[in-house]
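Have a look at query-v8.cif below; it lists mmCIF, C-alpha atoms.
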data_coords
loop_
_atom_site.label_atom_id
_atom_site.label_comp_id
_atom_site.auth_asym_id
_atom_site.auth_seq_id
_atom_site.Cartn_x
_atom_site.Cartn_y
_atom_site.Cartn_z
CA GLN O 1 116.51 115.19 109.54
CA LYS O 2 119.91 116.42 108.40
CA GLU O 3 119.95 119.16 105.81
CA VAL O 4 122.39 117.15 103.67
CA GLU O 5 122.51 113.35 103.67
CA GLN O 6 125.43 111.33 102.34
CA ASP O 7 126.04 107.61 102.67
CA PRO O 8 129.24 107.31 104.72
CA GLY O 9 130.18 103.98 103.14
CA PRO O 10 132.80 102.66 103.24
CA LEU O 11 132.79 101.94 99.53
CA SER O 12 135.38 99.61 98.02
CA VAL O 13 135.69 99.02 94.25
CA PRO O 14 138.30 97.52 91.90
CA GLU O 15 140.61 99.72 89.88
CA GLY O 16 139.06 100.86 86.61
CA ALA O 17 135.48 100.75 87.90
CA ILE O 18 133.03 103.62 87.58
CA VAL O 19 132.25 105.09 90.98
CA SER O 20 129.05 106.90 91.83
CA LEU O 21 128.82 109.04 94.97
CA ASN O 22 125.59 110.76 95.95
CA CYS O 23 124.02 113.28 98.29
CA THR O 24 120.46 114.33 98.92
CA TYR O 25 119.38 117.57 100.50
CA SER O 26 116.25 119.20 101.85
CA ASN O 27 116.85 122.95 101.38
CA SER O 28 115.51 124.00 97.99
CA ALA O 29 117.36 127.34 98.28
CA PHE O 30 120.76 125.69 97.78
CA GLN O 31 122.32 126.92 94.54
CA TYR O 32 126.03 126.15 94.86
CA PHE O 33 127.16 122.55 94.97
CA MET O 34 130.65 121.28 95.59
CA TRP O 35 132.59 118.10 96.04
CA TYR O 36 135.65 118.06 98.26
CA ARG O 37 138.22 115.28 98.40
CA GLN O 38 140.03 114.54 101.64
CA TYR O 39 143.05 112.26 101.78
CA SER O 40 143.93 110.58 105.05
CA ARG O 41 145.42 113.00 107.61
CA LYS O 42 144.90 115.96 105.27
CA GLY O 43 142.38 118.77 104.98
CA PRO O 44 139.65 118.68 102.30
CA GLU O 45 140.41 120.11 98.85
CA LEU O 46 137.87 121.34 96.32
CA LEU O 47 137.36 118.84 93.51
CA MET O 48 134.27 120.06 91.63
CA TYR O 49 132.10 123.19 91.80
CA THR O 50 128.67 123.52 90.16
CA TYR O 51 126.17 126.33 90.14
CA SER O 52 122.48 125.38 89.92
CA SER O 53 121.42 122.34 87.91
CA GLY O 54 123.24 120.45 85.22
CA ASN O 55 126.44 118.55 84.60
CA LYS O 56 130.07 119.52 84.82
CA GLU O 57 132.94 117.41 83.62
CA ASP O 58 136.64 117.64 84.50
CA GLY O 59 138.77 114.81 83.22
CA ARG O 60 137.62 111.56 84.80
CA PHE O 61 135.20 113.37 87.13
CA THR O 62 131.62 114.40 86.39
CA ALA O 63 129.37 116.27 88.79
CA GLN O 64 125.61 116.23 88.31
CA VAL O 65 122.97 118.34 90.05
CA ASP O 66 119.25 117.59 89.87
CA LYS O 67 117.53 120.37 91.79
CA SER O 68 114.06 119.00 91.10
CA SER O 69 114.97 115.83 93.00
CA LYS O 70 117.34 117.58 95.44
CA TYR O 71 120.03 115.10 94.49
CA ILE O 72 123.66 115.53 93.49
CA SER O 73 126.15 112.98 92.20
CA LEU O 74 129.84 112.64 91.54
CA PHE O 75 131.00 110.07 89.01
CA ILE O 76 134.58 108.88 88.74
CA ARG O 77 135.50 107.03 85.55
CA ASP O 78 138.46 104.67 85.24
CA SER O 79 139.01 104.87 88.99
CA GLN O 80 142.61 104.72 90.23
CA PRO O 81 144.10 103.76 93.61
CA SER O 82 145.08 107.43 93.99
CA ASP O 83 141.34 108.25 94.08
CA SER O 84 141.09 106.49 97.45
CA ALA O 85 139.94 109.20 99.84
CA THR O 86 136.90 110.55 101.64
CA TYR O 87 134.57 112.54 99.38
CA LEU O 88 132.44 115.25 100.93
CA CYS O 89 129.55 116.97 99.24
CA ALA O 90 128.86 120.57 100.26
CA MET O 91 126.27 123.13 99.29
CA SER O 92 125.15 126.65 100.06
CA GLU O 93 122.48 129.20 99.25
CA GLY O 94 125.06 131.76 98.17
CA ALA O 95 127.49 133.81 100.17
CA GLN O 96 126.46 131.81 103.20
CA LYS O 97 128.05 129.03 105.15
CA LEU O 98 128.56 125.73 103.43
CA VAL O 99 126.61 122.71 104.66
CA PHE O 100 128.55 119.47 104.36
CA GLY O 101 127.48 115.88 104.01
CA GLN O 102 128.95 113.24 106.29
CA GLY O 103 131.51 112.16 103.70
CA THR O 104 131.90 108.84 101.87
CA ARG O 105 135.09 106.86 102.41
CA LEU O 106 136.18 105.35 99.09
CA THR O 107 138.86 102.71 98.50
CA ILE O 108 140.03 101.72 95.00
CA ASN O 109 141.68 98.31 95.04
CA PRO O 110 144.54 97.63 92.56
CA ASP Y 111 151.20 128.19 96.71
CA VAL Y 112 148.23 129.19 98.85
CA LYS Y 113 148.33 127.98 102.37
CA VAL Y 114 146.30 127.64 105.55
CA THR Y 115 148.53 126.60 108.42
CA GLN Y 116 147.30 125.15 111.68
CA SER Y 117 149.84 125.44 114.45
CA SER Y 118 149.43 121.99 116.02
CA ARG Y 119 148.70 118.75 114.20
CA TYR Y 120 148.24 116.64 117.32
CA LEU Y 121 147.42 117.71 120.88
CA VAL Y 122 146.61 115.80 124.05
CA LYS Y 123 145.04 117.79 126.87
CA ARG Y 124 143.38 117.04 130.18
CA THR Y 125 139.79 117.80 131.11
CA GLY Y 126 139.45 121.38 132.31
CA GLU Y 127 142.53 122.69 130.54
CA LYS Y 128 142.36 125.77 128.33
CA VAL Y 129 143.23 124.96 124.74
CA PHE Y 130 144.29 127.32 121.94
CA LEU Y 131 144.19 126.25 118.32
CA GLU Y 132 145.75 128.72 115.93
CA CYS Y 133 145.29 129.15 112.22
CA VAL Y 134 147.14 131.42 109.79
CA GLN Y 135 146.35 132.00 106.10
CA ASP Y 136 148.56 133.73 103.56
CA MET Y 137 145.91 134.48 100.92
CA ASP Y 138 144.60 137.79 102.32
CA HIS Y 139 141.15 136.20 102.69
CA GLU Y 140 138.48 138.07 104.57
CA ASN Y 141 136.51 135.02 105.71
CA MET Y 142 137.83 132.39 108.08
CA PHE Y 143 136.11 129.36 109.59
CA TRP Y 144 136.56 126.72 112.27
CA TYR Y 145 134.97 123.30 111.78
CA ARG Y 146 135.13 120.10 113.72
CA GLN Y 147 135.01 116.76 111.93
CA ASP Y 148 133.69 113.61 113.59
CA PRO Y 149 132.98 110.17 112.09
CA GLY Y 150 129.43 109.93 110.83
CA LEU Y 151 128.76 113.62 111.43
CA GLY Y 152 130.87 115.24 108.74
CA LEU Y 153 132.07 118.82 109.12
CA ARG Y 154 130.19 121.03 111.53
CA LEU Y 155 130.75 124.77 111.71
CA ILE Y 156 131.80 126.10 115.11
CA TYR Y 157 132.49 129.79 114.39
CA PHE Y 158 133.35 131.98 111.46
CA SER Y 159 134.69 135.47 110.95
CA TYR Y 160 134.14 137.74 107.97
CA ASP Y 161 136.52 140.49 109.08
CA VAL Y 162 139.05 141.41 111.73
CA LYS Y 163 137.49 141.47 115.20
CA MET Y 164 134.20 140.17 113.79
CA LYS Y 165 132.81 136.73 114.61
CA GLU Y 166 129.63 134.79 114.07
CA LYS Y 167 128.40 131.62 115.75
CA GLY Y 168 128.11 128.56 113.61
CA ASP Y 169 126.03 125.49 114.32
CA ILE Y 170 127.85 124.21 117.42
CA PRO Y 171 129.49 127.16 119.25
CA GLU Y 172 128.87 125.92 122.79
CA GLY Y 173 132.09 125.43 124.72
CA TYR Y 174 134.17 127.39 122.20
CA SER Y 175 135.22 130.96 121.60
CA VAL Y 176 137.32 132.58 118.87
CA SER Y 177 139.62 135.51 118.37
CA ARG Y 178 140.56 137.39 115.21
CA GLU Y 179 142.91 140.26 115.99
CA LYS Y 180 144.66 140.19 112.61
CA LYS Y 181 143.28 139.40 109.18
CA GLU Y 182 145.54 136.42 108.63
CA ARG Y 183 145.04 134.76 112.02
CA PHE Y 184 141.97 133.06 113.51
CA SER Y 185 142.19 131.30 116.86
CA LEU Y 186 139.83 128.78 118.40
CA ILE Y 187 139.72 128.63 122.19
CA LEU Y 188 138.36 125.88 124.39
CA GLU Y 189 137.99 127.59 127.77
CA SER Y 190 137.68 124.33 129.72
CA ALA Y 191 138.25 121.27 127.57
CA SER Y 192 135.93 118.31 127.95
CA THR Y 193 136.17 114.76 126.62
CA ASN Y 194 133.34 115.37 124.15
CA GLN Y 195 135.55 117.96 122.46
CA THR Y 196 137.94 115.24 121.34
CA SER Y 197 137.84 115.69 117.58
CA MET Y 198 139.59 116.80 114.41
CA TYR Y 199 139.50 120.59 114.09
CA LEU Y 200 139.77 122.14 110.64
CA CYS Y 201 140.43 125.79 109.86
CA ALA Y 202 139.44 127.21 106.47
CA SER Y 203 139.51 130.54 104.68
CA ARG Y 204 137.72 132.05 101.70
CA MET Y 205 137.52 135.31 99.79
CA SER Y 206 134.58 137.50 100.66
CA GLY Y 207 131.51 137.62 98.41
CA GLY Y 208 130.00 134.79 96.42
CA ALA Y 209 130.27 131.14 97.29
CA GLY Y 210 133.90 130.64 96.52
CA GLU Y 211 136.23 127.81 97.33
CA LEU Y 212 137.11 127.06 100.93
CA PHE Y 213 140.80 126.45 101.52
CA PHE Y 214 141.47 124.14 104.44
CA GLY Y 215 144.39 123.56 106.74
CA GLU Y 216 145.60 120.04 107.45
CA GLY Y 217 143.70 119.81 110.71
CA SER Y 218 144.47 119.61 114.41
CA ARG Y 219 143.60 116.36 116.11
CA LEU Y 220 142.73 117.08 119.73
CA THR Y 221 142.38 114.38 122.36
CA VAL Y 222 140.97 115.37 125.75
CA LEU Y 223 141.63 112.86 128.51
#

Let me see the structure of the file written as structure tokens.
Amino acid sequence: QKEVEQDPGPLSVPEGAIVSLNCTYSNSAFQYFMWYRQYSRKGPELLMYTYSSGNKEDGRFTAQVDKSSKYISLFIRDSQPSDSATYLCAMSEGAQKLVFGQGTRLTINP
Amino acid sequence: DVKVTQSSRYLVKRTGEKVFLECVQDMDHENMFWYRQDPGLGLRLIYFSYDVKMKEKGDIPEGYSVSREKKERFSLILESASTNQTSMYLCASRMSGGAGELFFGEGSRLTVL
């Protein structure tokens, strides 16, 4: 069993839809949770960063962490074609190596 | 603007060749990483370095070695390339301490024939 599981998709939604991306994990020691966005032929860039449980909002993006269920989510409101990318969840225990999910390929159709 | 630069975006090599992938960062970061990215497998850590001349094995170090002679430069070496090393290779750097943001290069796509 992988330490972090993420549905690779692909996921295709119309412009303006609410998108939900999810990851589950097995290591209860994870405390730092991140979402990276990777455009085609580019390296990943940090999108959201959350410590421990709870929600964090940044514009159209909301990250949620439920440590009791070992489940994290990224919501994108009013999705735009420019949001089309691969989204990678990542998590760590602390100053340790990050463990990444497989990435979900998302396409927003105009 | 912070930057991680990978020397080659696309390489084609033959089985058995020695391959060097170079990475330079301009952020004075202590920690540097090499990942490979494959469809369905996500990013997997090959090696990382937390200081000059220091290195640690990641999850899939077999068939790879690394060199860090200067703080800003981290090289990945494939001593004898094999077809199963065809992949996207991503270099990243991060400040030491805490679980801070990883800054990635744009990747080097290696094809081994």

Compute the chain Y side of the contact with chain O at 10 Å, counting only C-alpha atoms, and hand it back as a CSV table (one decimal) with C-alpha atoms, in the coordinates of the input.
chain,number,residue,atom,x,y,z
Y,114,VAL,CA,146.3,127.6,105.6
Y,119,ARG,CA,148.7,118.8,114.2
Y,143,PHE,CA,136.1,129.4,109.6
Y,147,GLN,CA,135.0,116.8,111.9
Y,148,ASP,CA,133.7,113.6,113.6
Y,149,PRO,CA,133.0,110.2,112.1
Y,150,GLY,CA,129.4,109.9,110.8
Y,151,LEU,CA,128.8,113.6,111.4
Y,152,GLY,CA,130.9,115.2,108.7
Y,153,LEU,CA,132.1,118.8,109.1
Y,154,ARG,CA,130.2,121.0,111.5
Y,155,LEU,CA,130.8,124.8,111.7
Y,158,PHE,CA,133.4,132.0,111.5
Y,168,GLY,CA,128.1,128.6,113.6
Y,198,MET,CA,139.6,116.8,114.4
Y,199,TYR,CA,139.5,120.6,114.1
Y,200,LEU,CA,139.8,122.1,110.6
Y,201,CYS,CA,140.4,125.8,109.9
Y,202,ALA,CA,139.4,127.2,106.5
Y,206,SER,CA,134.6,137.5,100.7
Y,207,GLY,CA,131.5,137.6,98.4
Y,208,GLY,CA,130.0,134.8,96.4
Y,209,ALA,CA,130.3,131.1,97.3
Y,210,GLY,CA,133.9,130.6,96.5
Y,211,GLU,CA,136.2,127.8,97.3
Y,212,LEU,CA,137.1,127.1,100.9
Y,213,PHE,CA,140.8,126.4,101.5
Y,214,PHE,CA,141.5,124.1,104.4
Y,215,GLY,CA,144.4,123.6,106.7
Y,216,GLU,CA,145.6,120.0,107.4
Y,217,GLY,CA,143.7,119.8,110.7
Y,218,SER,CA,144.5,119.6,114.4
Y,219,ARG,CA,143.6,116.4,116.1

May I have the residues within 7 Å of range 18-26 of chain O as an mmCIF file with C-alpha atoms, in the frame of the given file, using all atoms listed in the file and disregarding those fewer than 6 positions away in the same chain?
data_model
loop_
_atom_site.group_PDB
_atom_site.id
_atom_site.type_symbol
_atom_site.label_atom_id
_atom_site.label_comp_id
_atom_site.auth_asym_id
_atom_site.auth_seq_id
_atom_site.Cartn_x
_atom_site.Cartn_y
_atom_site.Cartn_z
ATOM 1 C CA GLU O 3 119.950 119.160 105.810
ATOM 2 C CA VAL O 4 122.390 117.150 103.670
ATOM 3 C CA GLU O 5 122.510 113.350 103.670
ATOM 4 C CA GLN O 6 125.430 111.330 102.340
ATOM 5 C CA LYS O 70 117.340 117.580 95.440
ATOM 6 C CA TYR O 71 120.030 115.100 94.490
ATOM 7 C CA ILE O 72 123.660 115.530 93.490
ATOM 8 C CA SER O 73 126.150 112.980 92.200
ATOM 9 C CA LEU O 74 129.840 112.640 91.540
ATOM 10 C CA PHE O 75 131.000 110.070 89.010
ATOM 11 C CA ILE O 76 134.580 108.880 88.740
ATOM 12 C CA ARG O 77 135.500 107.030 85.550
ATOM 13 C CA ASP O 78 138.460 104.670 85.240
ATOM 14 C CA SER O 79 139.010 104.870 88.990
ATOM 15 C CA CYS O 89 129.550 116.970 99.240
#

Between CA of Phe130 in chain Y and CA of Arg105 in chain O, distance in Å (one decimal):
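Answer for the CA of Phe130 in chain Y to CA of Arg105 in chain O separation: 29.7 Å.
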
I'd like the interatomic distance between CA of Lys181 in chain Y and CA of Gln135 in chain Y, to a tenth of an Å.
8.6 Å

I'd like the residues picked by the PyMOL selection byres ((chain Y and resi 123) around 7) written out as a ChimeraX atom specification, using the chain letters and numbers from the file.
/Y:121-122,124-125,127,221-223

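Taking only C-alpha atoms into account, the polymer residues that have an atom no farther than 9 Å from (142.9, 97.0, 92.7) are Val13, Pro14, Glu15, Gly16, Gln80, Pro81, Ile108, Asn109 and Pro110 of chain O.
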
Could I see range 154-165 of chain Y restored to all heavy atoms, set down as a PDB file, in the coordinates of the input?
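Final output, saved to selection_19.pdb:
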ATOM      1  N   ARG Y 154     131.170 120.151 110.895  1.00  0.00           N
ATOM      2  CA  ARG Y 154     130.190 121.030 111.530  1.00  0.00           C
ATOM      3  C   ARG Y 154     130.867 122.356 111.879  1.00  0.00           C
ATOM      4  O   ARG Y 154     131.952 122.367 112.445  1.00  0.00           O
ATOM      5  CB  ARG Y 154     129.615 120.366 112.786  1.00  0.00           C
ATOM      6  CG  ARG Y 154     128.763 119.133 112.489  1.00  0.00           C
ATOM      7  CD  ARG Y 154     128.223 118.512 113.767  1.00  0.00           C
ATOM      8  NE  ARG Y 154     129.287 117.921 114.570  1.00  0.00           N
ATOM      9  CZ  ARG Y 154     129.134 117.544 115.834  1.00  0.00           C
ATOM     10  NH1 ARG Y 154     127.987 117.719 116.453  1.00  0.00           N
ATOM     11  NH2 ARG Y 154     130.144 116.990 116.491  1.00  0.00           N
ATOM     12  N   LEU Y 155     130.177 123.443 111.553  1.00  0.00           N
ATOM     13  CA  LEU Y 155     130.750 124.770 111.710  1.00  0.00           C
ATOM     14  C   LEU Y 155     130.635 125.233 113.152  1.00  0.00           C
ATOM     15  O   LEU Y 155     129.545 125.247 113.731  1.00  0.00           O
ATOM     16  CB  LEU Y 155     130.026 125.746 110.783  1.00  0.00           C
ATOM     17  CG  LEU Y 155     130.528 127.177 110.782  1.00  0.00           C
ATOM     18  CD1 LEU Y 155     131.972 127.257 110.293  1.00  0.00           C
ATOM     19  CD2 LEU Y 155     129.622 128.048 109.908  1.00  0.00           C
ATOM     20  N   ILE Y 156     131.775 125.636 113.726  1.00  0.00           N
ATOM     21  CA  ILE Y 156     131.800 126.100 115.110  1.00  0.00           C
ATOM     22  C   ILE Y 156     131.629 127.622 115.145  1.00  0.00           C
ATOM     23  O   ILE Y 156     130.719 128.143 115.788  1.00  0.00           O
ATOM     24  CB  ILE Y 156     133.123 125.703 115.786  1.00  0.00           C
ATOM     25  CG1 ILE Y 156     133.364 124.189 115.687  1.00  0.00           C
ATOM     26  CG2 ILE Y 156     133.117 126.140 117.253  1.00  0.00           C
ATOM     27  CD1 ILE Y 156     134.748 123.760 116.130  1.00  0.00           C
ATOM     28  N   TYR Y 157     132.518 128.331 114.474  1.00  0.00           N
ATOM     29  CA  TYR Y 157     132.490 129.790 114.390  1.00  0.00           C
ATOM     30  C   TYR Y 157     133.064 130.205 113.050  1.00  0.00           C
ATOM     31  O   TYR Y 157     133.851 129.482 112.451  1.00  0.00           O
ATOM     32  CB  TYR Y 157     133.378 130.419 115.489  1.00  0.00           C
ATOM     33  CG  TYR Y 157     132.681 130.793 116.770  1.00  0.00           C
ATOM     34  CD1 TYR Y 157     132.711 129.925 117.855  1.00  0.00           C
ATOM     35  CD2 TYR Y 157     132.025 132.011 116.902  1.00  0.00           C
ATOM     36  CE1 TYR Y 157     132.089 130.272 119.058  1.00  0.00           C
ATOM     37  CE2 TYR Y 157     131.402 132.363 118.108  1.00  0.00           C
ATOM     38  CZ  TYR Y 157     131.434 131.477 119.171  1.00  0.00           C
ATOM     39  OH  TYR Y 157     130.821 131.827 120.351  1.00  0.00           O
ATOM     40  N   PHE Y 158     132.691 131.398 112.615  1.00  0.00           N
ATOM     41  CA  PHE Y 158     133.350 131.980 111.460  1.00  0.00           C
ATOM     42  C   PHE Y 158     133.525 133.482 111.664  1.00  0.00           C
ATOM     43  O   PHE Y 158     132.887 134.085 112.537  1.00  0.00           O
ATOM     44  CB  PHE Y 158     132.619 131.652 110.160  1.00  0.00           C
ATOM     45  CG  PHE Y 158     131.230 132.218 110.030  1.00  0.00           C
ATOM     46  CD1 PHE Y 158     131.002 133.355 109.277  1.00  0.00           C
ATOM     47  CD2 PHE Y 158     130.146 131.580 110.624  1.00  0.00           C
ATOM     48  CE1 PHE Y 158     129.723 133.859 109.130  1.00  0.00           C
ATOM     49  CE2 PHE Y 158     128.868 132.081 110.489  1.00  0.00           C
ATOM     50  CZ  PHE Y 158     128.646 133.220 109.730  1.00  0.00           C
ATOM     51  N   SER Y 159     134.374 134.049 110.844  1.00  0.00           N
ATOM     52  CA  SER Y 159     134.690 135.470 110.950  1.00  0.00           C
ATOM     53  C   SER Y 159     134.776 136.040 109.546  1.00  0.00           C
ATOM     54  O   SER Y 159     135.442 135.469 108.685  1.00  0.00           O
ATOM     55  CB  SER Y 159     136.027 135.657 111.666  1.00  0.00           C
ATOM     56  OG  SER Y 159     136.479 136.995 111.551  1.00  0.00           O
ATOM     57  N   TYR Y 160     134.096 137.147 109.303  1.00  0.00           N
ATOM     58  CA  TYR Y 160     134.140 137.740 107.970  1.00  0.00           C
ATOM     59  C   TYR Y 160     135.008 138.996 107.928  1.00  0.00           C
ATOM     60  O   TYR Y 160     135.100 139.656 106.892  1.00  0.00           O
ATOM     61  CB  TYR Y 160     132.730 138.032 107.459  1.00  0.00           C
ATOM     62  CG  TYR Y 160     131.864 138.810 108.408  1.00  0.00           C
ATOM     63  CD1 TYR Y 160     131.908 140.195 108.436  1.00  0.00           C
ATOM     64  CD2 TYR Y 160     130.997 138.161 109.275  1.00  0.00           C
ATOM     65  CE1 TYR Y 160     131.119 140.911 109.308  1.00  0.00           C
ATOM     66  CE2 TYR Y 160     130.205 138.861 110.158  1.00  0.00           C
ATOM     67  CZ  TYR Y 160     130.264 140.243 110.174  1.00  0.00           C
ATOM     68  OH  TYR Y 160     129.484 140.949 111.045  1.00  0.00           O
ATOM     69  N   ASP Y 161     135.615 139.337 109.066  1.00  0.00           N
ATOM     70  CA  ASP Y 161     136.520 140.490 109.080  1.00  0.00           C
ATOM     71  C   ASP Y 161     137.261 140.490 110.410  1.00  0.00           C
ATOM     72  O   ASP Y 161     136.842 139.813 111.366  1.00  0.00           O
ATOM     73  CB  ASP Y 161     135.730 141.784 108.906  1.00  0.00           C
ATOM     74  CG  ASP Y 161     136.587 142.930 108.367  1.00  0.00           C
ATOM     75  OD1 ASP Y 161     137.829 142.777 108.314  1.00  0.00           O
ATOM     76  OD2 ASP Y 161     136.017 143.976 108.003  1.00  0.00           O
ATOM     77  N   VAL Y 162     138.301 141.297 110.481  1.00  0.00           N
ATOM     78  CA  VAL Y 162     139.050 141.410 111.730  1.00  0.00           C
ATOM     79  C   VAL Y 162     138.112 141.845 112.855  1.00  0.00           C
ATOM     80  O   VAL Y 162     137.265 142.717 112.667  1.00  0.00           O
ATOM     81  CB  VAL Y 162     140.206 142.416 111.559  1.00  0.00           C
ATOM     82  CG1 VAL Y 162     140.946 142.610 112.878  1.00  0.00           C
ATOM     83  CG2 VAL Y 162     141.163 141.944 110.492  1.00  0.00           C
ATOM     84  N   LYS Y 163     138.270 141.191 113.984  1.00  0.00           N
ATOM     85  CA  LYS Y 163     137.490 141.470 115.200  1.00  0.00           C
ATOM     86  C   LYS Y 163     136.006 141.138 115.069  1.00  0.00           C
ATOM     87  O   LYS Y 163     135.233 141.407 115.989  1.00  0.00           O
ATOM     88  CB  LYS Y 163     137.676 142.919 115.668  1.00  0.00           C
ATOM     89  CG  LYS Y 163     139.107 143.257 116.061  1.00  0.00           C
ATOM     90  CD  LYS Y 163     139.195 144.568 116.804  1.00  0.00           C
ATOM     91  CE  LYS Y 163     140.635 144.963 117.066  1.00  0.00           C
ATOM     92  NZ  LYS Y 163     141.298 144.019 118.003  1.00  0.00           N
ATOM     93  N   MET Y 164     135.591 140.564 113.947  1.00  0.00           N
ATOM     94  CA  MET Y 164     134.200 140.170 113.790  1.00  0.00           C
ATOM     95  C   MET Y 164     134.106 138.661 113.907  1.00  0.00           C
ATOM     96  O   MET Y 164     135.005 137.933 113.448  1.00  0.00           O
ATOM     97  CB  MET Y 164     133.658 140.604 112.423  1.00  0.00           C
ATOM     98  CG  MET Y 164     133.854 142.072 112.113  1.00  0.00           C
ATOM     99  SD  MET Y 164     133.035 143.159 113.272  1.00  0.00           S
ATOM    100  CE  MET Y 164     131.365 143.091 112.672  1.00  0.00           C
ATOM    101  N   LYS Y 165     133.008 138.168 114.480  1.00  0.00           N
ATOM    102  CA  LYS Y 165     132.810 136.730 114.610  1.00  0.00           C
ATOM    103  C   LYS Y 165     131.318 136.434 114.598  1.00  0.00           C
ATOM    104  O   LYS Y 165     130.509 137.255 115.018  1.00  0.00           O
ATOM    105  CB  LYS Y 165     133.454 136.188 115.883  1.00  0.00           C
ATOM    106  CG  LYS Y 165     132.884 136.788 117.157  1.00  0.00           C
ATOM    107  CD  LYS Y 165     133.634 136.292 118.373  1.00  0.00           C
ATOM    108  CE  LYS Y 165     133.074 136.932 119.645  1.00  0.00           C
ATOM    109  NZ  LYS Y 165     133.842 136.567 120.851  1.00  0.00           N
TER     110      LYS Y 165
END
